[in-house]
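Asker: Please see the structure below; I have some questions.
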Amino acid sequence: MTRVTSPSGVTGPKGGPRIGLRPETRRQKTVKALWICLWLFYLSAPVTDLVSGGHSLGARLLGGLGLAAFVAWYLVLVFRTARQTEVRRVLISVVALSVTATVLSLSLGREWLVLFVFVSISSGAALPGEISRFTVPGVTALLALTAFAVPGGDEYLAGLLIPALMGGFAMVGIRAMIRTTMELREARATVAQLAANEERLRMARDLHDLLGHSLSLITLKSELAGRMLPGRPDAAAQQVADIERVSRQALVDVREAVSGYRRPTLPGELAGARTALTAAGVLADLPAEPVEDLPDEVESALAWALREAVTNVVRHSGAQRCTVRVEILQTLAGKRVELSVVDDGGGGGGGGAPVPGNGLTGLTERLEAVGGTLSAGPAGKRGFRLLARVPLGSGS
C-alpha cells in the first residue's frame with residue numbers, strides 16, 4: 001500500500017498518525033508525535049549552521065531560541081488541526097511562523113530557508129481549503145523573495161520551491177480527503193440508522209398483523225370454551241385444543257417474522273380466515289380456489305391485507321356475513337389483482353371515513369411497496385368494505 005507522507009505527520013494505513021483527526025489513544029498520540037519528529041530531521045541544515053556556521057555567540061543564542069520557538073509553534077499548530085480552532089487564530093499562527101522564518105533566514109543565511117517548507121505545509125494542514133489555496137502560494141512566493149534577498153539563496157531556491165508548493169497543496173488535498181471520509185462515515189451511520197428504523201417498522205407491522213389476528217382468535221375460542229362449560233365439556237375441550245394450536249402457530253409466526261423469513265400466502269390466510277370467521281359465528285363466503293401464479297411480493301401483500309381485514313371483522317364489526325373475493329381484472333392500464341373483503345356489520349353504519357390505525361397504515365405501506373393501493377370505507381347503509389388493488393403489468 002502506498003503511503004502519503006509529509007512533515008505534518010500523515011500516513012495512509014490505519015493505526016498511523018492521521019491528519020485532521022485528533023489522536024484518541026496513547027499509541028496514536030505516540031505514533032503521530034514520532035512521525036512528526038521524524039520530519040523535523042529536515043531541520044538539520046539550520047542546526048548544523050548554528051553549530052559550525054561561524055556565527056557569533058549572541059547570534060547562535062538568538063538563532064537557537066528562534067528555532068525552538070518556530071518548532072514549538074509548528075508542533076502546536078499541527079497537533080491542533082483536529083480541533084475546531086478559530087480560523088483567525090490559525091492565520092495569526094501561520095503569519096507568525098512566516099515572520100520567524102523570514103527573520104531567521106535574513107539574519108543567519110540560506111540554510112534557514114527550509115523553514116518556509118514547514119510554514120507552507122502547516123498552513124495547508126491547519127487552514128480550510130478555501131483559505132489555504134491562497135496561503136500556500138503566498139508562503140512559496142515569500143520563500144522566493146527571501147531567497148533572492150539572502151546571499152546564495154537562489155542556489156537553494158530550486159530545491160525548496162517544489163517541496164513548499166507541492167507539500168502545501170498535498171496537505172490541502174489530504175485535509176479535503178479526510179473531511180470527505182468523515183462525511184462518508186456520517187452518511188454511512190445515517191444509512192444504518194435509517195435501515196434500523198425501517199426494520200423496526202417492519203417488525204411493528206408484522207407483529208401487529210400476526211398477534212392481532214391470533215390473539216383475537218384465541219379470545220373468541222376462550223369465550224366459547226367458557227360458555228360450553230360445564231354443560232358441554234367435550235366441545236369445550238375441542239376449543240381449548242384449538243386455542244393451543246393457534247397459540248403454537250402464533251409463536252412460530254412470530255419467530256419467523258423476527259427472522260425475516262415469513263411470507264404469508266393467500267391459501268394459508270384463506271384457511272385461517274375461514275377458521276376465525278366460523279369461530280366468531282360469522283358466515284364466511286370465501287373463494288374455493290385462490291388465484292395462482294401471483295408474484296411472491298404481491299401475494300404476500302394481499303395475504304397481509306386479508307388477515308388484517310378478517311381480524312377487524314371478527315373484533316369490531318359485529319357482522320353476520322363476510323364475503324371475500326380475489327380476482328384478476330383486465331383494465332386499460334393492464335392487468336391487476338383485486339382483493340375485496342365486505343361485511344354486513346356496523347362498520348359503515350355510523351357514517352364517515354374510518355380512522356386509520358396501525359393495521360390500515362401498515363397495509364397501505366405494504367401495498368405501496370408493490371405499487372398497489374388500499375381503500376376502506378362503508379359499504380352501503382350497513383357494512384364495511386376493504387379493497388386492495390395491485391397492478392400485475394402487461395407481462396403477467
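Chain lettering (A, B, ...) mirrors the order of the C-alpha cells, residue numbering begins at 1 for each chain separately, and ligand numbering begins at 1 in order of display.
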Report as a count of residues only all protein, DNA and RNA residues lying within 9 Å of A:Leu67, evaluated on only C-alpha atoms, omitting residues in the same chain fewer than 4 positions from it.
Answerer: 9
Asker: Name the residues of stretch 157-362 of chain A that come out as strand (DSSP E or B) in a backbone DSSP run; write them as a PDB file with N, CA and C atoms, in the first residue's frame.
Answerer:
```
ATOM      1  N   LEU A 283     -70.889 -15.987   9.000  1.00  0.00           N
ATOM      2  CA  LEU A 283     -70.996 -16.817   7.813  1.00  0.00           C
ATOM      3  C   LEU A 283     -69.932 -16.376   6.818  1.00  0.00           C
ATOM      4  N   ALA A 284     -69.034 -17.302   6.452  1.00  0.00           N
ATOM      5  CA  ALA A 284     -67.898 -16.977   5.588  1.00  0.00           C
ATOM      6  C   ALA A 284     -68.187 -17.368   4.150  1.00  0.00           C
ATOM      7  N   ASP A 285     -68.091 -16.406   3.256  1.00  0.00           N
ATOM      8  CA  ASP A 285     -68.235 -16.653   1.812  1.00  0.00           C
ATOM      9  C   ASP A 285     -66.873 -16.397   1.185  1.00  0.00           C
ATOM     10  N   ARG A 321     -72.210 -11.833   8.244  1.00  0.00           N
ATOM     11  CA  ARG A 321     -71.738 -12.410   6.989  1.00  0.00           C
ATOM     12  C   ARG A 321     -70.521 -11.621   6.499  1.00  0.00           C
ATOM     13  N   CYS A 322     -69.569 -12.355   5.932  1.00  0.00           N
ATOM     14  CA  CYS A 322     -68.360 -11.733   5.388  1.00  0.00           C
ATOM     15  C   CYS A 322     -68.052 -12.406   4.052  1.00  0.00           C
ATOM     16  N   THR A 323     -67.854 -11.581   3.031  1.00  0.00           N
ATOM     17  CA  THR A 323     -67.578 -12.078   1.683  1.00  0.00           C
ATOM     18  C   THR A 323     -66.178 -11.642   1.260  1.00  0.00           C
ATOM     19  N   VAL A 324     -65.410 -12.618   0.797  1.00  0.00           N
ATOM     20  CA  VAL A 324     -64.046 -12.361   0.344  1.00  0.00           C
ATOM     21  C   VAL A 324     -63.951 -12.735  -1.129  1.00  0.00           C
ATOM     22  N   ARG A 325     -63.376 -11.856  -1.940  1.00  0.00           N
ATOM     23  CA  ARG A 325     -63.182 -12.122  -3.353  1.00  0.00           C
ATOM     24  C   ARG A 325     -61.740 -11.753  -3.743  1.00  0.00           C
ATOM     25  N   VAL A 326     -61.124 -12.637  -4.530  1.00  0.00           N
ATOM     26  CA  VAL A 326     -59.802 -12.385  -5.093  1.00  0.00           C
ATOM     27  C   VAL A 326     -59.908 -12.609  -6.589  1.00  0.00           C
ATOM     28  N   GLU A 327     -59.697 -11.550  -7.392  1.00  0.00           N
ATOM     29  CA  GLU A 327     -59.925 -11.624  -8.827  1.00  0.00           C
ATOM     30  C   GLU A 327     -58.807 -10.915  -9.578  1.00  0.00           C
ATOM     31  N   ILE A 328     -58.554 -11.401 -10.782  1.00  0.00           N
ATOM     32  CA  ILE A 328     -57.649 -10.724 -11.705  1.00  0.00           C
ATOM     33  C   ILE A 328     -58.488 -10.050 -12.780  1.00  0.00           C
ATOM     34  N   LEU A 329     -58.338  -8.751 -12.925  1.00  0.00           N
ATOM     35  CA  LEU A 329     -59.132  -7.971 -13.865  1.00  0.00           C
ATOM     36  C   LEU A 329     -58.241  -7.382 -14.938  1.00  0.00           C
ATOM     37  N   GLN A 330     -58.806  -7.277 -16.150  1.00  0.00           N
ATOM     38  CA  GLN A 330     -58.102  -6.638 -17.255  1.00  0.00           C
ATOM     39  C   GLN A 330     -58.613  -5.210 -17.398  1.00  0.00           C
ATOM     40  N   THR A 331     -57.754  -4.239 -17.286  1.00  0.00           N
ATOM     41  CA  THR A 331     -58.126  -2.831 -17.400  1.00  0.00           C
ATOM     42  C   THR A 331     -57.334  -2.186 -18.532  1.00  0.00           C
ATOM     43  N   GLY A 334     -53.748  -2.262 -17.924  1.00  0.00           N
ATOM     44  CA  GLY A 334     -53.130  -3.581 -17.796  1.00  0.00           C
ATOM     45  C   GLY A 334     -53.839  -4.425 -16.756  1.00  0.00           C
ATOM     46  N   LYS A 335     -53.307  -5.590 -16.507  1.00  0.00           N
ATOM     47  CA  LYS A 335     -53.915  -6.496 -15.539  1.00  0.00           C
ATOM     48  C   LYS A 335     -53.643  -6.022 -14.114  1.00  0.00           C
ATOM     49  N   ARG A 336     -54.613  -6.319 -13.245  1.00  0.00           N
ATOM     50  CA  ARG A 336     -54.429  -6.051 -11.825  1.00  0.00           C
ATOM     51  C   ARG A 336     -55.205  -7.087 -11.036  1.00  0.00           C
ATOM     52  N   VAL A 337     -54.743  -7.343  -9.844  1.00  0.00           N
ATOM     53  CA  VAL A 337     -55.422  -8.270  -8.945  1.00  0.00           C
ATOM     54  C   VAL A 337     -56.102  -7.455  -7.850  1.00  0.00           C
ATOM     55  N   GLU A 338     -57.338  -7.850  -7.520  1.00  0.00           N
ATOM     56  CA  GLU A 338     -58.116  -7.148  -6.501  1.00  0.00           C
ATOM     57  C   GLU A 338     -58.528  -8.118  -5.411  1.00  0.00           C
ATOM     58  N   LEU A 339     -58.376  -7.659  -4.200  1.00  0.00           N
ATOM     59  CA  LEU A 339     -58.871  -8.384  -3.030  1.00  0.00           C
ATOM     60  C   LEU A 339     -59.907  -7.502  -2.351  1.00  0.00           C
ATOM     61  N   SER A 340     -61.132  -8.028  -2.207  1.00  0.00           N
ATOM     62  CA  SER A 340     -62.182  -7.271  -1.516  1.00  0.00           C
ATOM     63  C   SER A 340     -62.712  -8.107  -0.366  1.00  0.00           C
ATOM     64  N   VAL A 341     -62.897  -7.449   0.764  1.00  0.00           N
ATOM     65  CA  VAL A 341     -63.472  -8.070   1.953  1.00  0.00           C
ATOM     66  C   VAL A 341     -64.637  -7.185   2.391  1.00  0.00           C
ATOM     67  N   VAL A 342     -65.857  -7.742   2.313  1.00  0.00           N
ATOM     68  CA  VAL A 342     -67.073  -6.977   2.609  1.00  0.00           C
ATOM     69  C   VAL A 342     -67.835  -7.700   3.711  1.00  0.00           C
ATOM     70  N   ASP A 343     -68.275  -6.928   4.714  1.00  0.00           N
ATOM     71  CA  ASP A 343     -69.097  -7.493   5.779  1.00  0.00           C
ATOM     72  C   ASP A 343     -70.368  -6.669   5.929  1.00  0.00           C
TER      73      ASP A 343
END
```
Asker: My list of candidates is A:Asp344, A:Asp242, A:Asp209, A:Glu299. Which is closest to A:Thr361 when distances are computed with only C-alpha atoms?
Answerer: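 Of A:Asp344, A:Asp242, A:Asp209, A:Glu299, the one nearest A:Thr361, counting only C-alpha atoms, is A:Asp209.
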Asker: What separation in Å, quoted to one decimal, exists between atom CA of A:Ala149 and atom CA of A:Leu106?
Answerer: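 Interatomic distance here is 7.3 Å.
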Asker: Counting only C-alpha atoms, figure out which residue out of A:Glu269, A:Ser122, A:His213, A:Met228 gets nearest to A:Asn312.
Answerer: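 The answer is A:His213, which sits nearest to A:Asn312.
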Asker: Please identify all polymer residues within 10 Å of A:Asp296, counting only C-alpha atoms, omitting same-chain residues fewer than 3 positions from it, and present them as a ChimeraX atom specification.
Answerer: /A:263-265,293,299-302
Asker: Looking only at alpha helix (DSSP H) from DSSP on the backbone, list the matching residues of stretch 29-196 of chain A as a ChimeraX atom specification.
Answerer: /A:29-39,44-52,57-79,87-108,115-126,129-149,153-196
Asker: From the options A:Ala189, A:His55, A:Leu270, A:Arg307, which residue's atoms come nearest to A:Val291, counting only C-alpha atoms?
Answerer: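 Closest to A:Val291 of all the choices is A:Leu270.
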Asker: Taking only C-alpha atoms into account, name the residue in A:Gly173, A:Ala126, A:Ser214, A:Arg315 that is nearest to A:Glu86.
Answerer: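 Looking only at the distances to A:Glu86, the closest residue turns out to be A:Ala126.
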Asker: Kindly give the distance, in Å, that separates atom CA of A:Ala305 and atom CA of A:Gln193, rounded to a single decimal.
Answerer: 28.2 Å
Asker: Take atom CA of A:Met177 and atom CA of A:Ile131 and report the distance between them in Å, one decimal.
Answerer: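 One can read the atom CA of A:Met177 to atom CA of A:Ile131 distance as 16.2 Å.
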Asker: For A:Ala271, work out the shell of residues within 12 Å, counting only C-alpha atoms and skipping chain neighbours fewer than 3 positions away, then give it as an MDAnalysis selection string.
Answerer: chainID A and resid 264:268 274:278 284:290 303 306:307 310 324
